[in-house]
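Student: I'd like to ask you about the structure that follows.
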Amino acid sequence: MKTAVVTDSTSYIPKHVRETLDIHMIPLSVVIKGETYREEIDITMKDFYDEVRNGDKLPTTTQPPIGEFEKLFTELAKEFDAIISVHLSSGISGTYQGAVAAGDTIAGAKVYAYDSELSCMAQGFYAIKAATMAKEGKEPSEILAELDEMKKHMRAYFMVDDLAHLQRGGRLTSAQAIIGSLLSIKPLLHFQDKVIVPFEKIRSRKKALKRIVDLLDEDVKKGKSLQATIIHGNRLDEAVQWKAELTKQYPHVEFSISYFGPVIGTHLGEGSMGLCWTIK
């Protein structure tokens with residue numbers, strides 16, 4: 001059985017990796033000053049953060065039209081028997097539901113929509129694993145079982161740098177933003193039941209990052225073979241330095257660097273940092 005793998009742009013898998021593994025990508029979009037940009041296609045991460053920094057209004061985000069899924073799935077069904085479509089959490093976007101609905105209309109291939117229950121390169125880990133196994137000729141049931149096993153070990157924590165950004169986006173009251181700013185609070189967030197919720201409130205950026213490392217350390221000590229990625233909101237230099245420190249501290253963990261692109265960056269803001277990890 002031939003299986004195709006699809007994901008959406010919020011997995012932020014590098015283009016050369018998608019091309020090597022034949023991962024097909026459906027873009028989400030951001031709307032800035034009335035103009036719609038497909039992330040990973042029409043706008044770069046840097047250009048996005050420049051626009052937000054210089055603008056007086058936050059962008060909005062839109063999920064892919066169901067017709068985009070139907071078009072891609074129909075084309076893939078000419079060559080493949082099955083399609084595994086991995087998407088950002090159904091708790092923060094309707095993208096997954098769009099894939100499910102489109103899959104029900106397609107003849108010639110069975111579509112398996114997979115809810116990553118989170119986003120960014122943590123979601124990308126699932127798509128990369130699925131595509132690797134598909135190239136090995138594994139059945140969809142085997143691939144989905146492996147993704148479920150990865151999900152048991154998946155951890156992802158994000159530090160938001162700018163409370164005012166969350167407040168502008170309607171995810172924090174003005175009073176909370178003012179108090180948090182005065183106290184230099186750096187909210188540590190994670191996904192729980194498919195939505196982003198506070199994990200802990202920490203007093204400084206340095207302490208927030210250290211807390212994330214402490215959480216990684218707990219899993220490293222369990223002896224599992226782990227892969228991890230540092231995710232940054234337009235802070236590449238900081239991410240590179242952090243990767244060097246973590247690689248030295250945990251030489252048996254496979255570290256990479258990713259980023260918060262326009263869609264997720266709209267909600268978290270510039271300067272955000274995260275770390276996610278799971279089994280290899």
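In the structure tokens, chains take the letters A, B, ... in the order shown, each chain's residues start at 1, and ligands count up from 1 in the order shown.
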Compile a residue-level contact table for range 182-208 of chain A against range 76-94 of chain A at a cut-off of 10 Å, reporting for every qualifying residue the shortest atom pair and its distance in Å to one decimal, with only C-alpha atoms counted, rows ordered by chain and ascending number, as a Markdown table.
Tutor:
| residue | atom | partner | partner_atom | distance |
| --- | --- | --- | --- | --- |
| A:Phe191 | CA | A:Ser89 | CA | 8.9 |
| A:Gln192 | CA | A:Gly91 | CA | 9.5 |
| A:Asp193 | CA | A:Gly91 | CA | 7.7 |
| A:Lys194 | CA | A:Gly91 | CA | 4.7 |
| A:Val195 | CA | A:Gly91 | CA | 5.0 |
| A:Ile196 | CA | A:Ile92 | CA | 7.9 |
Student: Based on the backbone DSSP call, show me all residues of range 4-120 of chain A assigned strand (DSSP E), as an NGL selection string.
Tutor: :A and (4-8 or 23-26 or 29-32 or 35-38 or 60-62 or 82-87 or 110-115)
Student: Please provide the set of residues having any atom within 10 Å of Glu39 in chain A, restricted to only C-alpha atoms, with same-chain residues fewer than 3 positions apart removed, written as a list in words.
Tutor: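 Here the qualifying residues turn out to be Asp8, Ser9, Thr10, Tyr12, Ile26, Pro27, Leu28, Ser29, Val30, Thr36, Asp42, Ile43, Thr44, Met45, Phe48, Thr61, Gly261, Pro262 and Val263 of chain A.
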Student: Between A:Gly103, A:Pro59, A:Gly271, A:Gly233, which has the minimum distance to Thr74 in chain A (counting only C-alpha atoms)?
Tutor: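 Among the listed residues, A:Gly103 lies closest to Thr74 in chain A.
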Student: With a cut-off of 12 Å, could you pull out the residues of range 215-268 of chain A touching range 106-119 of chain A and give me the nearest pair of atoms for each, distance in Å to one decimal, using only C-alpha atoms, ordered by chain and ascending number, as a tab-separated table?
Tutor:
residue	atom	partner	partner_atom	distance
A:Ile231	CA	A:Ser119	CA	11.0
A:Ser258	CA	A:Ser119	CA	11.8
A:Tyr259	CA	A:Ser119	CA	11.1
A:Phe260	CA	A:Ser119	CA	9.6
A:Gly261	CA	A:Ser119	CA	10.8
A:Val263	CA	A:Ser119	CA	10.5
A:Ile264	CA	A:Ser119	CA	8.2
A:Gly265	CA	A:Ser119	CA	11.5
Student: For the selection just defined, write its residues with N, CA and C atoms to a file, as a compact mmCIF listing (two decimals), in the first residue's frame.
Tutor:
# COMPACT_ATOMS: atom_id res chain seq x y z
N ILE A 231 12.39 26.13 19.74
CA ILE A 231 11.51 26.91 18.87
C ILE A 231 11.60 28.38 19.31
N SER A 258 13.91 25.23 15.41
CA SER A 258 12.76 25.60 14.59
C SER A 258 12.29 26.98 15.03
N TYR A 259 11.10 27.36 14.61
CA TYR A 259 10.64 28.73 14.90
C TYR A 259 9.12 28.80 14.99
N PHE A 260 8.65 29.89 15.59
CA PHE A 260 7.23 30.20 15.60
C PHE A 260 6.96 31.07 14.37
N GLY A 261 6.32 30.49 13.36
CA GLY A 261 6.03 31.22 12.14
C GLY A 261 4.86 32.17 12.32
N VAL A 263 1.54 32.29 11.76
CA VAL A 263 0.26 31.94 12.38
C VAL A 263 0.39 31.77 13.89
N ILE A 264 1.34 30.96 14.33
CA ILE A 264 1.51 30.76 15.77
C ILE A 264 2.13 32.00 16.41
N GLY A 265 3.02 32.69 15.67
CA GLY A 265 3.62 33.92 16.18
C GLY A 265 2.60 35.01 16.43
Student: For the structure I just gave you, how does DSSP split range 83-236 of chain A - specifically, which residues are helix (DSSP H, G or I)? Reply as JSON, numbers by chain.
Tutor: {"A": [95, 96, 97, 98, 99, 100, 101, 102, 103, 120, 121, 122, 123, 124, 125, 126, 127, 128, 129, 130, 131, 132, 133, 134, 135, 140, 141, 142, 143, 144, 145, 146, 147, 148, 149, 150, 151, 152, 153, 163, 164, 165, 166, 167, 168, 174, 175, 176, 177, 178, 179, 180, 181, 182, 205, 206, 207, 208, 209, 210, 211, 212, 213, 214, 215, 216, 217, 218, 219, 220, 236]}
Student: For Lys224 in chain A, which residue out of A:Thr278, A:Ser256, A:Thr266, A:Ser204 is the nearest one, using only C-alpha atoms?
Tutor: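 Between A:Thr278, A:Ser256, A:Thr266, A:Ser204, the residue approaching Lys224 in chain A most closely is A:Thr278.
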Student: Which of these residues is nearest to Ala122 in chain A, using only C-alpha atoms: A:His16, A:Lys33, A:His153, A:Lys2?
Tutor: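 Among A:His16, A:Lys33, A:His153, A:Lys2, it is A:His153 that comes nearest to Ala122 in chain A.
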Student: Might you pull out every residue within 12 Å of Gln227 in chain A, with only C-alpha atoms counted and same-chain residues fewer than 6 positions away left off, and present them as a VMD selection string?
Tutor: chain A and resid 121 to 122 124 to 126 129 150 153 to 156 216 219 to 220 246 to 247 250 to 257 275 to 280
Student: What is the CA of Glu200 in chain A to CA of Pro187 in chain A distance in Å?
Tutor: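 Answer for the CA of Glu200 in chain A to CA of Pro187 in chain A separation: 6.2 Å.
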Student: Just give me the gap between CA of Val6 in chain A and CA of Met25 in chain A in Å, one decimal is fine.
Tutor: 5.7 Å
